[in-house]
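Asks: Handing you a structure now.
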Amino acid sequence: MLIRRPPDIKTAEITPHSVYQNRRDFMRDIAGVALAGVAPALWADVPEPSNKDFAHAQKSAFSTEEEPTPYAKATSYNNFYEFGTDKSDPVRYAHSLKTQPWSVTIAGEVEKPGTYTLEDILKPHPLEERIYRLRCVETWSMVIPWIGFPLGELLKRFQPTAKAKYVAFETLQDPEQMPGQKSLFSLNWPYVEGLRMDEAMHPLSILAVGLYGELMPKQNGAPLRLVVPWKYGFKSIKSIVKITLQETQPPTSWNLATPQEYGFYANVNPAVDHPRWSQKKERRLGGGFFADLIKMETQPFNGYAQQVAGLYQGMDLHKQF
Ligand code: MTE
């Protein structure tokens with residue numbers, strides 16, 4: 001994501017091996033890392049996931065059959081401003097994030113509010129693999145095999161009251177662990193996001209704890225992040241510590257930063273340009289330097305219109321952002 005800068009078309013595609021090595025060092029709790037079949041020769045020196053922490057995760061009918069982005073790309077080209085604004089900052093610096101122990105507070109309009117350990121949060125939920133397209137508002141996209149479970153299933157457990165109309169999410173705020181939060185030229189912290197209740201309950205909305213069959217890397221939002229595939233990537237908030245159900249629409253980080261550019265809904269919509277660039281096309285990353293420059297058509301709702309367009313009946317989709 002960019003703060004008052006032109007679209008990011010700089011492609012430092014080949015991340016130095018040392019960067020992966022660093023990433024591996026801090027992933028002590030992951031038994032092995034890597035990716036075999038899908039990685040083109042370009043990534044041949046990148047270790048391949050072999051641990052398959054989540055090998056038992058069920059396949060999902062919601063998965064796309066498109067080729068997943070190489071693991072190395074998805075875990076080294078990230079947006080996680082808490083660790084810096086450059087795409088390579090999260091993989092370099094996210095090792096300082098302490099993901100154990102972790103707890104999540106469930107607050108607001110629920111019958112069972114409280115602060116729960118991550119283990120308690122996850123325990124009842126069978127994990128699924130959901131291979132989703134991820135379309136960033138900056139016009140790049142990836143295909144990521146997430147491991148997670150439906151957000152709606154979690155919310156139901158805490159028994160939302162009749163007043164619960166929206167769900168607000170909050171990322172950890174701790175500048176010692178997240179050095180990007182010390183910067184004066186970034187977002188206001190903590191990073192916050194939100195969904196309307198029906199969006200949150202939609203079966204495509206998931207909380208993810210892993211990707212490519214392994215535990216979520218810190219740079220991708222460990223230990224728990226949101227994934228809402230029909231919305232621009234900035235809605236998919238990382239490293240969640242608080243979920244509040246509420247009657248009013250919650251503030252969201254990018255809308256607070258530049259309200260004229262980023263809205264609450266942020267549904268992927270090629271018909272509505274960003275004020276500074278077109279949203280008609282996207283670059284599917286992961287094929288290498290030249291392949292990553294090729295543009296493809298962006299689909300309304302990122303290709304999930306059949307499942308989600310009904311949520312927005314009566315809304316003016318040309319204005320919606
Ligand atoms: N969540 C937090 N807490 N901080 C962030 O900076 N960036 C968002 C989103 N979630 C962000 C965040 C943006 S702009 C995108 S595109 C996606 O995370 C990127 O997810 P990825 O790095 O796993 O591809």
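Chain labels follow the order of the structure tokens: the first chain is A, the next B, and so on; residue numbering restarts at 1 in every chain, and ligands are counted from 1 in their shown order.
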Taking only C-alpha atoms and all ligand atoms into account, report as a PDB file with N, CA and C atoms, in the first residue's frame which residues have an atom no farther than 9 Å from an atom of ligand 1.
Replies:
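Below is the file that was written, result-v8.pdb:
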ATOM      1  N   MET A   1       0.838  -1.187   0.000  1.00  0.00           N
ATOM      2  CA  MET A   1       0.000   0.000   0.000  1.00  0.00           C
ATOM      3  C   MET A   1       0.873   1.236   0.000  1.00  0.00           C
ATOM      4  N   LEU A   2       0.306   2.267  -0.542  1.00  0.00           N
ATOM      5  CA  LEU A   2       1.099   3.460  -0.724  1.00  0.00           C
ATOM      6  C   LEU A   2       0.459   4.624   0.005  1.00  0.00           C
ATOM      7  N   ALA A  74       4.991 -15.092  -2.367  1.00  0.00           N
ATOM      8  CA  ALA A  74       3.896 -14.717  -1.444  1.00  0.00           C
ATOM      9  C   ALA A  74       4.405 -14.400  -0.045  1.00  0.00           C
ATOM     10  N   THR A  75       5.591 -14.889   0.292  1.00  0.00           N
ATOM     11  CA  THR A  75       6.101 -14.684   1.651  1.00  0.00           C
ATOM     12  C   THR A  75       7.270 -13.693   1.705  1.00  0.00           C
ATOM     13  N   SER A  76       7.545 -13.060   0.572  1.00  0.00           N
ATOM     14  CA  SER A  76       8.651 -12.087   0.588  1.00  0.00           C
ATOM     15  C   SER A  76       8.259 -10.741  -0.020  1.00  0.00           C
ATOM     16  N   TYR A  77       7.106 -10.678  -0.643  1.00  0.00           N
ATOM     17  CA  TYR A  77       6.596  -9.434  -1.237  1.00  0.00           C
ATOM     18  C   TYR A  77       5.297  -9.131  -0.502  1.00  0.00           C
ATOM     19  N   ASN A  78       5.418  -8.373   0.560  1.00  0.00           N
ATOM     20  CA  ASN A  78       4.271  -8.211   1.468  1.00  0.00           C
ATOM     21  C   ASN A  78       3.965  -6.761   1.799  1.00  0.00           C
ATOM     22  N   ASN A  79       2.728  -6.544   2.193  1.00  0.00           N
ATOM     23  CA  ASN A  79       2.329  -5.279   2.803  1.00  0.00           C
ATOM     24  C   ASN A  79       2.021  -5.545   4.266  1.00  0.00           C
ATOM     25  N   PHE A  80       2.829  -4.955   5.130  1.00  0.00           N
ATOM     26  CA  PHE A  80       2.604  -5.087   6.577  1.00  0.00           C
ATOM     27  C   PHE A  80       3.340  -3.889   7.169  1.00  0.00           C
ATOM     28  N   TYR A  81       2.631  -2.753   7.151  1.00  0.00           N
ATOM     29  CA  TYR A  81       3.266  -1.477   7.482  1.00  0.00           C
ATOM     30  C   TYR A  81       3.830  -1.424   8.895  1.00  0.00           C
ATOM     31  N   GLU A  82       3.374  -2.309   9.742  1.00  0.00           N
ATOM     32  CA  GLU A  82       3.926  -2.347  11.106  1.00  0.00           C
ATOM     33  C   GLU A  82       5.412  -2.687  11.079  1.00  0.00           C
ATOM     34  N   PHE A  83       5.888  -3.205   9.931  1.00  0.00           N
ATOM     35  CA  PHE A  83       7.314  -3.546   9.823  1.00  0.00           C
ATOM     36  C   PHE A  83       8.020  -2.720   8.758  1.00  0.00           C
ATOM     37  N   GLY A  84       7.352  -1.702   8.243  1.00  0.00           N
ATOM     38  CA  GLY A  84       7.970  -0.862   7.226  1.00  0.00           C
ATOM     39  C   GLY A  84       7.107  -0.806   5.980  1.00  0.00           C
ATOM     40  N   THR A  85       7.399   0.170   5.132  1.00  0.00           N
ATOM     41  CA  THR A  85       6.530   0.412   3.981  1.00  0.00           C
ATOM     42  C   THR A  85       7.038  -0.269   2.703  1.00  0.00           C
ATOM     43  N   LYS A  87       8.098  -3.428   0.306  1.00  0.00           N
ATOM     44  CA  LYS A  87       7.581  -4.790   0.170  1.00  0.00           C
ATOM     45  C   LYS A  87       8.478  -5.831   0.838  1.00  0.00           C
ATOM     46  N   PRO A  90       8.607  -6.541   5.610  1.00  0.00           N
ATOM     47  CA  PRO A  90       8.010  -7.530   6.523  1.00  0.00           C
ATOM     48  C   PRO A  90       8.858  -8.802   6.676  1.00  0.00           C
ATOM     49  N   LEU A 134      -5.895 -12.975  -4.423  1.00  0.00           N
ATOM     50  CA  LEU A 134      -5.718 -11.797  -3.560  1.00  0.00           C
ATOM     51  C   LEU A 134      -5.384 -10.630  -4.478  1.00  0.00           C
ATOM     52  N   ARG A 135      -6.263  -9.624  -4.502  1.00  0.00           N
ATOM     53  CA  ARG A 135      -6.059  -8.472  -5.397  1.00  0.00           C
ATOM     54  C   ARG A 135      -5.773  -7.248  -4.535  1.00  0.00           C
ATOM     55  N   CYS A 136      -4.552  -6.732  -4.640  1.00  0.00           N
ATOM     56  CA  CYS A 136      -4.194  -5.532  -3.876  1.00  0.00           C
ATOM     57  C   CYS A 136      -4.691  -4.293  -4.631  1.00  0.00           C
ATOM     58  N   VAL A 137      -5.046  -3.280  -3.889  1.00  0.00           N
ATOM     59  CA  VAL A 137      -5.509  -2.033  -4.484  1.00  0.00           C
ATOM     60  C   VAL A 137      -4.404  -1.373  -5.329  1.00  0.00           C
ATOM     61  N   GLU A 138      -3.149  -1.793  -5.088  1.00  0.00           N
ATOM     62  CA  GLU A 138      -2.020  -1.244  -5.861  1.00  0.00           C
ATOM     63  C   GLU A 138      -1.918  -1.853  -7.264  1.00  0.00           C
ATOM     64  N   TRP A 140      -1.462  -5.198  -8.096  1.00  0.00           N
ATOM     65  CA  TRP A 140      -0.844  -6.520  -8.246  1.00  0.00           C
ATOM     66  C   TRP A 140      -1.781  -7.558  -7.627  1.00  0.00           C
ATOM     67  N   SER A 141      -1.604  -8.820  -8.049  1.00  0.00           N
ATOM     68  CA  SER A 141      -2.431  -9.872  -7.460  1.00  0.00           C
ATOM     69  C   SER A 141      -1.626 -11.154  -7.322  1.00  0.00           C
ATOM     70  N   MET A 142      -2.117 -12.039  -6.478  1.00  0.00           N
ATOM     71  CA  MET A 142      -1.499 -13.345  -6.253  1.00  0.00           C
ATOM     72  C   MET A 142      -2.618 -14.370  -6.095  1.00  0.00           C
ATOM     73  N   ILE A 144      -3.301 -17.482  -3.456  1.00  0.00           N
ATOM     74  CA  ILE A 144      -2.688 -17.993  -2.226  1.00  0.00           C
ATOM     75  C   ILE A 144      -3.525 -19.120  -1.611  1.00  0.00           C
ATOM     76  N   GLU A 170      -8.829  -5.430  15.010  1.00  0.00           N
ATOM     77  CA  GLU A 170      -7.667  -4.631  15.426  1.00  0.00           C
ATOM     78  C   GLU A 170      -6.406  -5.492  15.425  1.00  0.00           C
ATOM     79  N   THR A 171      -5.339  -4.940  14.896  1.00  0.00           N
ATOM     80  CA  THR A 171      -4.029  -5.612  14.925  1.00  0.00           C
ATOM     81  C   THR A 171      -3.317  -5.245  16.218  1.00  0.00           C
ATOM     82  N   LEU A 172      -2.382  -6.074  16.605  1.00  0.00           N
ATOM     83  CA  LEU A 172      -1.536  -5.781  17.772  1.00  0.00           C
ATOM     84  C   LEU A 172      -0.908  -4.391  17.649  1.00  0.00           C
ATOM     85  N   LEU A 187       0.825   4.950   8.945  1.00  0.00           N
ATOM     86  CA  LEU A 187      -0.576   4.970   9.364  1.00  0.00           C
ATOM     87  C   LEU A 187      -0.677   5.295  10.850  1.00  0.00           C
ATOM     88  N   PRO A 190      -3.397   1.330  16.373  1.00  0.00           N
ATOM     89  CA  PRO A 190      -3.225   0.084  15.636  1.00  0.00           C
ATOM     90  C   PRO A 190      -3.968   0.102  14.298  1.00  0.00           C
ATOM     91  N   TYR A 191      -3.539  -0.794  13.412  1.00  0.00           N
ATOM     92  CA  TYR A 191      -4.233  -0.998  12.141  1.00  0.00           C
ATOM     93  C   TYR A 191      -5.615  -1.533  12.476  1.00  0.00           C
ATOM     94  N   VAL A 192      -6.630  -0.915  11.899  1.00  0.00           N
ATOM     95  CA  VAL A 192      -8.002  -1.355  12.167  1.00  0.00           C
ATOM     96  C   VAL A 192      -8.737  -1.590  10.850  1.00  0.00           C
ATOM     97  N   GLU A 193      -9.650  -2.525  10.894  1.00  0.00           N
ATOM     98  CA  GLU A 193     -10.465  -2.829   9.711  1.00  0.00           C
ATOM     99  C   GLU A 193     -11.865  -3.208  10.148  1.00  0.00           C
ATOM    100  N   PRO A 217       3.420 -17.554   8.151  1.00  0.00           N
ATOM    101  CA  PRO A 217       4.656 -16.803   8.405  1.00  0.00           C
ATOM    102  C   PRO A 217       4.318 -15.443   9.021  1.00  0.00           C
ATOM    103  N   GLN A 219       5.380 -12.490   8.459  1.00  0.00           N
ATOM    104  CA  GLN A 219       5.191 -11.392   7.502  1.00  0.00           C
ATOM    105  C   GLN A 219       3.821 -11.442   6.815  1.00  0.00           C
ATOM    106  N   ASN A 220       3.179 -12.602   6.868  1.00  0.00           N
ATOM    107  CA  ASN A 220       1.846 -12.719   6.264  1.00  0.00           C
ATOM    108  C   ASN A 220       0.722 -12.543   7.284  1.00  0.00           C
ATOM    109  N   GLY A 221       1.100 -12.218   8.543  1.00  0.00           N
ATOM    110  CA  GLY A 221       0.050 -11.891   9.512  1.00  0.00           C
ATOM    111  C   GLY A 221      -0.189 -12.904  10.604  1.00  0.00           C
ATOM    112  N   ARG A 225      -5.104 -14.023  10.829  1.00  0.00           N
ATOM    113  CA  ARG A 225      -5.434 -12.877   9.987  1.00  0.00           C
ATOM    114  C   ARG A 225      -6.755 -13.121   9.263  1.00  0.00           C
ATOM    115  N   LEU A 226      -7.314 -12.035   8.811  1.00  0.00           N
ATOM    116  CA  LEU A 226      -8.548 -12.095   8.056  1.00  0.00           C
ATOM    117  C   LEU A 226      -8.214 -12.258   6.567  1.00  0.00           C
ATOM    118  N   VAL A 227      -9.067 -12.969   5.841  1.00  0.00           N
ATOM    119  CA  VAL A 227      -8.958 -13.015   4.378  1.00  0.00           C
ATOM    120  C   VAL A 227     -10.372 -12.853   3.800  1.00  0.00           C
ATOM    121  N   TYR A 232     -10.383  -5.523  -1.824  1.00  0.00           N
ATOM    122  CA  TYR A 232      -8.964  -5.207  -1.959  1.00  0.00           C
ATOM    123  C   TYR A 232      -8.218  -5.694  -0.710  1.00  0.00           C
ATOM    124  N   GLY A 233      -6.962  -6.066  -0.940  1.00  0.00           N
ATOM    125  CA  GLY A 233      -6.170  -6.741   0.098  1.00  0.00           C
ATOM    126  C   GLY A 233      -6.090  -6.003   1.419  1.00  0.00           C
ATOM    127  N   PHE A 234      -6.223  -4.679   1.408  1.00  0.00           N
ATOM    128  CA  PHE A 234      -6.031  -3.964   2.678  1.00  0.00           C
ATOM    129  C   PHE A 234      -7.112  -4.272   3.708  1.00  0.00           C
ATOM    130  N   LYS A 235      -8.250  -4.862   3.238  1.00  0.00           N
ATOM    131  CA  LYS A 235      -9.282  -5.253   4.200  1.00  0.00           C
ATOM    132  C   LYS A 235      -8.844  -6.480   5.011  1.00  0.00           C
ATOM    133  N   SER A 236      -7.913  -7.254   4.464  1.00  0.00           N
ATOM    134  CA  SER A 236      -7.526  -8.523   5.101  1.00  0.00           C
ATOM    135  C   SER A 236      -6.479  -8.282   6.179  1.00  0.00           C
ATOM    136  N   ILE A 237      -6.948  -7.815   7.302  1.00  0.00           N
ATOM    137  CA  ILE A 237      -6.093  -7.352   8.403  1.00  0.00           C
ATOM    138  C   ILE A 237      -5.307  -8.511   9.036  1.00  0.00           C
ATOM    139  N   LYS A 238      -4.061  -8.197   9.376  1.00  0.00           N
ATOM    140  CA  LYS A 238      -3.130  -9.216   9.896  1.00  0.00           C
ATOM    141  C   LYS A 238      -3.011  -9.176  11.424  1.00  0.00           C
ATOM    142  N   SER A 239      -2.495 -10.247  11.985  1.00  0.00           N
ATOM    143  CA  SER A 239      -2.114 -10.344  13.407  1.00  0.00           C
ATOM    144  C   SER A 239      -3.182  -9.731  14.318  1.00  0.00           C
ATOM    145  N   ILE A 240      -4.354 -10.325  14.266  1.00  0.00           N
ATOM    146  CA  ILE A 240      -5.538  -9.777  14.959  1.00  0.00           C
ATOM    147  C   ILE A 240      -5.487 -10.059  16.460  1.00  0.00           C
ATOM    148  N   SER A 253      -8.331   1.733   8.764  1.00  0.00           N
ATOM    149  CA  SER A 253      -7.045   2.448   8.713  1.00  0.00           C
ATOM    150  C   SER A 253      -6.820   3.254   7.443  1.00  0.00           C
ATOM    151  N   TRP A 254      -7.035   2.629   6.276  1.00  0.00           N
ATOM    152  CA  TRP A 254      -6.713   3.345   5.039  1.00  0.00           C
ATOM    153  C   TRP A 254      -7.732   4.431   4.750  1.00  0.00           C
TER     154      TRP A 254
END
Asks: Excluding Thr115 in chain A and any residue of its chain fewer than 2 positions from it, enumerate the residues within 10 Å of it, using only C-alpha atoms, and give them as a ChimeraX atom specification.
Replies: /A:103-107,112-113,117-118,120-121,241-242
Asks: Neighbouring residues of Thr69 in chain A were defined as those with any atom within 10 Å, considering only C-alpha atoms; residues of the same chain fewer than 2 positions away were excluded. Please report them as a list of chain:residue names.
Replies: A:Val38, A:Ala39, A:Glu66, A:Glu67, A:Tyr71, A:Ala72, A:Lys73, A:Ala74, A:Thr75, A:Arg133, A:Ser141, A:Met142, A:Val143, A:Ile144, A:Pro145, A:Tyr212, A:Arg284, A:Leu285, A:Gly286, A:Gly287
Asks: Grab the residues selected above and save them as a PDB file, in the first residue's frame with N, CA and C atoms.
Replies:
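Generated output (again_33.pdb):
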ATOM      1  N   VAL A  38       5.120 -26.209  -7.639  1.00  0.00           N
ATOM      2  CA  VAL A  38       4.656 -24.996  -8.308  1.00  0.00           C
ATOM      3  C   VAL A  38       5.763 -23.983  -8.561  1.00  0.00           C
ATOM      4  N   ALA A  39       6.913 -24.122  -7.938  1.00  0.00           N
ATOM      5  CA  ALA A  39       7.942 -23.102  -8.069  1.00  0.00           C
ATOM      6  C   ALA A  39       8.705 -23.255  -9.375  1.00  0.00           C
ATOM      7  N   GLU A  66      -6.765 -21.898 -10.266  1.00  0.00           N
ATOM      8  CA  GLU A  66      -5.610 -21.186 -10.810  1.00  0.00           C
ATOM      9  C   GLU A  66      -4.332 -21.596 -10.069  1.00  0.00           C
ATOM     10  N   GLU A  67      -3.227 -21.452 -10.785  1.00  0.00           N
ATOM     11  CA  GLU A  67      -1.917 -21.831 -10.241  1.00  0.00           C
ATOM     12  C   GLU A  67      -1.553 -20.935  -9.052  1.00  0.00           C
ATOM     13  N   TYR A  71       5.478 -19.871  -3.470  1.00  0.00           N
ATOM     14  CA  TYR A  71       5.543 -19.603  -2.022  1.00  0.00           C
ATOM     15  C   TYR A  71       6.532 -18.484  -1.702  1.00  0.00           C
ATOM     16  N   ALA A  72       7.674 -18.544  -2.355  1.00  0.00           N
ATOM     17  CA  ALA A  72       8.724 -17.562  -2.066  1.00  0.00           C
ATOM     18  C   ALA A  72       8.242 -16.141  -2.336  1.00  0.00           C
ATOM     19  N   LYS A  73       7.446 -15.989  -3.384  1.00  0.00           N
ATOM     20  CA  LYS A  73       6.948 -14.661  -3.719  1.00  0.00           C
ATOM     21  C   LYS A  73       5.923 -14.193  -2.683  1.00  0.00           C
ATOM     22  N   ALA A  74       4.991 -15.092  -2.367  1.00  0.00           N
ATOM     23  CA  ALA A  74       3.896 -14.717  -1.444  1.00  0.00           C
ATOM     24  C   ALA A  74       4.405 -14.400  -0.045  1.00  0.00           C
ATOM     25  N   THR A  75       5.591 -14.889   0.292  1.00  0.00           N
ATOM     26  CA  THR A  75       6.101 -14.684   1.651  1.00  0.00           C
ATOM     27  C   THR A  75       7.270 -13.693   1.705  1.00  0.00           C
ATOM     28  N   ARG A 133      -7.836 -15.902  -4.868  1.00  0.00           N
ATOM     29  CA  ARG A 133      -7.123 -14.774  -5.480  1.00  0.00           C
ATOM     30  C   ARG A 133      -7.023 -13.663  -4.450  1.00  0.00           C
ATOM     31  N   SER A 141      -1.604  -8.820  -8.049  1.00  0.00           N
ATOM     32  CA  SER A 141      -2.431  -9.872  -7.460  1.00  0.00           C
ATOM     33  C   SER A 141      -1.626 -11.154  -7.322  1.00  0.00           C
ATOM     34  N   MET A 142      -2.117 -12.039  -6.478  1.00  0.00           N
ATOM     35  CA  MET A 142      -1.499 -13.345  -6.253  1.00  0.00           C
ATOM     36  C   MET A 142      -2.618 -14.370  -6.095  1.00  0.00           C
ATOM     37  N   VAL A 143      -2.226 -15.639  -6.074  1.00  0.00           N
ATOM     38  CA  VAL A 143      -3.173 -16.714  -5.758  1.00  0.00           C
ATOM     39  C   VAL A 143      -2.571 -17.460  -4.578  1.00  0.00           C
ATOM     40  N   ILE A 144      -3.301 -17.482  -3.456  1.00  0.00           N
ATOM     41  CA  ILE A 144      -2.688 -17.993  -2.226  1.00  0.00           C
ATOM     42  C   ILE A 144      -3.525 -19.120  -1.611  1.00  0.00           C
ATOM     43  N   PRO A 145      -2.890 -20.270  -1.352  1.00  0.00           N
ATOM     44  CA  PRO A 145      -3.596 -21.349  -0.664  1.00  0.00           C
ATOM     45  C   PRO A 145      -3.574 -21.112   0.853  1.00  0.00           C
ATOM     46  N   TYR A 212      -0.041 -22.426   2.222  1.00  0.00           N
ATOM     47  CA  TYR A 212       0.756 -23.475   1.574  1.00  0.00           C
ATOM     48  C   TYR A 212       0.975 -24.667   2.520  1.00  0.00           C
ATOM     49  N   ARG A 284      -0.476 -10.243 -12.258  1.00  0.00           N
ATOM     50  CA  ARG A 284      -0.429 -11.452 -11.435  1.00  0.00           C
ATOM     51  C   ARG A 284       1.044 -11.782 -11.171  1.00  0.00           C
ATOM     52  N   LEU A 285       1.464 -11.623  -9.956  1.00  0.00           N
ATOM     53  CA  LEU A 285       2.887 -11.750  -9.630  1.00  0.00           C
ATOM     54  C   LEU A 285       3.317 -13.206  -9.435  1.00  0.00           C
ATOM     55  N   GLY A 286       4.609 -13.415  -9.614  1.00  0.00           N
ATOM     56  CA  GLY A 286       5.180 -14.723  -9.297  1.00  0.00           C
ATOM     57  C   GLY A 286       5.796 -15.455 -10.473  1.00  0.00           C
ATOM     58  N   GLY A 287       5.631 -14.933 -11.664  1.00  0.00           N
ATOM     59  CA  GLY A 287       6.152 -15.624 -12.844  1.00  0.00           C
ATOM     60  C   GLY A 287       7.560 -15.185 -13.221  1.00  0.00           C
TER      61      GLY A 287
END
Asks: Quick one: pull the distance between CA of Tyr132 in chain A and CA of Val228 in chain A, Å, one decimal.
Replies: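 Taking CA of Tyr132 in chain A and CA of Val228 in chain A, their separation equals 9.1 Å.
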Asks: Which of range 26-274 of chain A counts as strand (DSSP E) under DSSP, as a PyMOL selection string please?
Replies: chain A and resi 58-59+103-108+114-117+128-135+140-150+166-171+192-196+206-211+214-215+225-227+240-246
Asks: For Leu211 in chain A, which of A:Ala162, A:Ala94, A:Leu122, A:Ile147 is the closest residue, counting only C-alpha atoms?
Replies: A:Ile147
Asks: So how far away is CA of Gln177 in chain A from CA of Ser88 in chain A, in Å?
Replies: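 Atom-to-atom, CA of Ser88 in chain A and CA of Gln177 in chain A are spaced 17.1 Å apart.
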Asks: Residues of range 175-293 of chain A within 9 Å of range 298-310 of chain A: nearest atom pair and distance (Å, one decimal) for each, counting only C-alpha atoms, sorted by chain and number, as JSON lines?
Replies:
{"residue": "A:Glu199", "atom": "CA", "partner": "A:Val308", "partner_atom": "CA", "distance": 8.4}
{"residue": "A:His202", "atom": "CA", "partner": "A:Val308", "partner_atom": "CA", "distance": 8.0}
{"residue": "A:Leu204", "atom": "CA", "partner": "A:Gln307", "partner_atom": "CA", "distance": 8.3}
{"residue": "A:Pro229", "atom": "CA", "partner": "A:Asn302", "partner_atom": "CA", "distance": 7.1}
{"residue": "A:Trp230", "atom": "CA", "partner": "A:Phe301", "partner_atom": "CA", "distance": 4.6}
{"residue": "A:Lys231", "atom": "CA", "partner": "A:Phe301", "partner_atom": "CA", "distance": 6.6}
{"residue": "A:Tyr232", "atom": "CA", "partner": "A:Asn302", "partner_atom": "CA", "distance": 8.4}
{"residue": "A:Asn267", "atom": "CA", "partner": "A:Phe301", "partner_atom": "CA", "distance": 5.8}
{"residue": "A:Val268", "atom": "CA", "partner": "A:Phe301", "partner_atom": "CA", "distance": 4.6}
{"residue": "A:Asn269", "atom": "CA", "partner": "A:Pro300", "partner_atom": "CA", "distance": 4.9}
{"residue": "A:Pro270", "atom": "CA", "partner": "A:Thr298", "partner_atom": "CA", "distance": 5.8}
{"residue": "A:Ala271", "atom": "CA", "partner": "A:Pro300", "partner_atom": "CA", "distance": 7.9}
{"residue": "A:Gln279", "atom": "CA", "partner": "A:Thr298", "partner_atom": "CA", "distance": 7.2}
{"residue": "A:Lys280", "atom": "CA", "partner": "A:Thr298", "partner_atom": "CA", "distance": 5.5}
{"residue": "A:Lys281", "atom": "CA", "partner": "A:Thr298", "partner_atom": "CA", "distance": 4.8}
{"residue": "A:Glu282", "atom": "CA", "partner": "A:Thr298", "partner_atom": "CA", "distance": 5.9}
Asks: For a test of reading the model, state the distance in Å between CA of Arg276 in chain A and CA of Glu261 in chain A, rounded to one decimal.
Replies: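 Rounded to one decimal, the two atoms are 8.4 Å apart.
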Asks: Tell me, which residues of range 51-220 of chain A carry DSSP alpha helix (DSSP H), written as a compact mmCIF listing (two decimals) with N, CA and C atoms, in the first residue's frame?
Replies:
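Listing of states19.txt after writing:
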# COMPACT_ATOMS: atom_id res chain seq x y z
N TYR A 71 5.48 -19.87 -3.47
CA TYR A 71 5.54 -19.60 -2.02
C TYR A 71 6.53 -18.48 -1.70
N ALA A 72 7.67 -18.54 -2.36
CA ALA A 72 8.72 -17.56 -2.07
C ALA A 72 8.24 -16.14 -2.34
N LYS A 73 7.45 -15.99 -3.38
CA LYS A 73 6.95 -14.66 -3.72
C LYS A 73 5.92 -14.19 -2.68
N ALA A 74 4.99 -15.09 -2.37
CA ALA A 74 3.90 -14.72 -1.44
C ALA A 74 4.41 -14.40 -0.05
N ASP A 89 10.29 -5.26 3.58
CA ASP A 89 10.46 -5.01 5.02
C ASP A 89 9.85 -6.11 5.91
N PRO A 90 8.61 -6.54 5.61
CA PRO A 90 8.01 -7.53 6.52
C PRO A 90 8.86 -8.80 6.68
N VAL A 91 9.34 -9.35 5.57
CA VAL A 91 10.13 -10.59 5.71
C VAL A 91 11.45 -10.33 6.45
N ARG A 92 11.95 -9.13 6.32
CA ARG A 92 13.20 -8.80 7.00
C ARG A 92 13.02 -8.57 8.49
N TYR A 93 11.92 -7.93 8.85
CA TYR A 93 11.82 -7.45 10.23
C TYR A 93 10.76 -8.12 11.09
N LEU A 118 -5.32 -18.08 21.93
CA LEU A 118 -5.43 -18.47 20.52
C LEU A 118 -5.89 -19.93 20.43
N GLU A 119 -5.39 -20.75 21.35
CA GLU A 119 -5.75 -22.16 21.32
C GLU A 119 -7.27 -22.32 21.49
N ASP A 120 -7.85 -21.56 22.43
CA ASP A 120 -9.30 -21.64 22.65
C ASP A 120 -10.07 -21.12 21.44
N ILE A 121 -9.51 -20.08 20.83
CA ILE A 121 -10.16 -19.53 19.63
C ILE A 121 -10.21 -20.60 18.53
N LEU A 122 -9.12 -21.32 18.36
CA LEU A 122 -9.00 -22.23 17.21
C LEU A 122 -9.61 -23.61 17.42
N LEU A 151 -14.92 -17.21 9.23
CA LEU A 151 -15.05 -16.20 10.30
C LEU A 151 -16.43 -16.30 10.95
N GLY A 152 -17.46 -16.54 10.14
CA GLY A 152 -18.83 -16.60 10.66
C GLY A 152 -18.99 -17.69 11.72
N GLU A 153 -18.27 -18.80 11.54
CA GLU A 153 -18.36 -19.89 12.52
C GLU A 153 -17.81 -19.44 13.86
N LEU A 154 -16.77 -18.64 13.83
CA LEU A 154 -16.20 -18.12 15.08
C LEU A 154 -17.18 -17.14 15.73
N LEU A 155 -17.69 -16.22 14.95
CA LEU A 155 -18.58 -15.20 15.52
C LEU A 155 -19.80 -15.84 16.17
N LYS A 156 -20.34 -16.85 15.53
CA LYS A 156 -21.54 -17.51 16.08
C LYS A 156 -21.29 -18.04 17.49
N ARG A 157 -20.09 -18.53 17.72
CA ARG A 157 -19.78 -19.11 19.04
C ARG A 157 -19.94 -18.10 20.16
N MET A 197 -21.84 -6.97 9.09
CA MET A 197 -22.10 -8.29 9.68
C MET A 197 -22.36 -9.37 8.61
N ASP A 198 -23.16 -9.03 7.57
CA ASP A 198 -23.46 -10.05 6.56
C ASP A 198 -22.22 -10.41 5.74
N GLU A 199 -21.30 -9.45 5.58
CA GLU A 199 -20.03 -9.76 4.89
C GLU A 199 -19.19 -10.71 5.76
N ALA A 200 -19.19 -10.42 7.05
CA ALA A 200 -18.40 -11.24 7.97
C ALA A 200 -18.94 -12.66 8.05
N MET A 201 -20.27 -12.79 7.94
CA MET A 201 -20.90 -14.11 8.04
C MET A 201 -20.86 -14.87 6.71
Asks: Extract, using only C-alpha atoms, all DNA, RNA and protein residues at most 9 Å from Gly108 in chain A, discarding same-chain residues fewer than 4 positions from it, and format them as an MDAnalysis selection string.
Replies: chainID A and resid 113 160 164 243:247
Asks: For Glu65 in chain A, which residue among A:Leu97, A:Ile131, A:Leu311, A:Leu293 is the nearest when counting only C-alpha atoms?
Replies: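 Of all the options, A:Ile131 lies closest to Glu65 in chain A.
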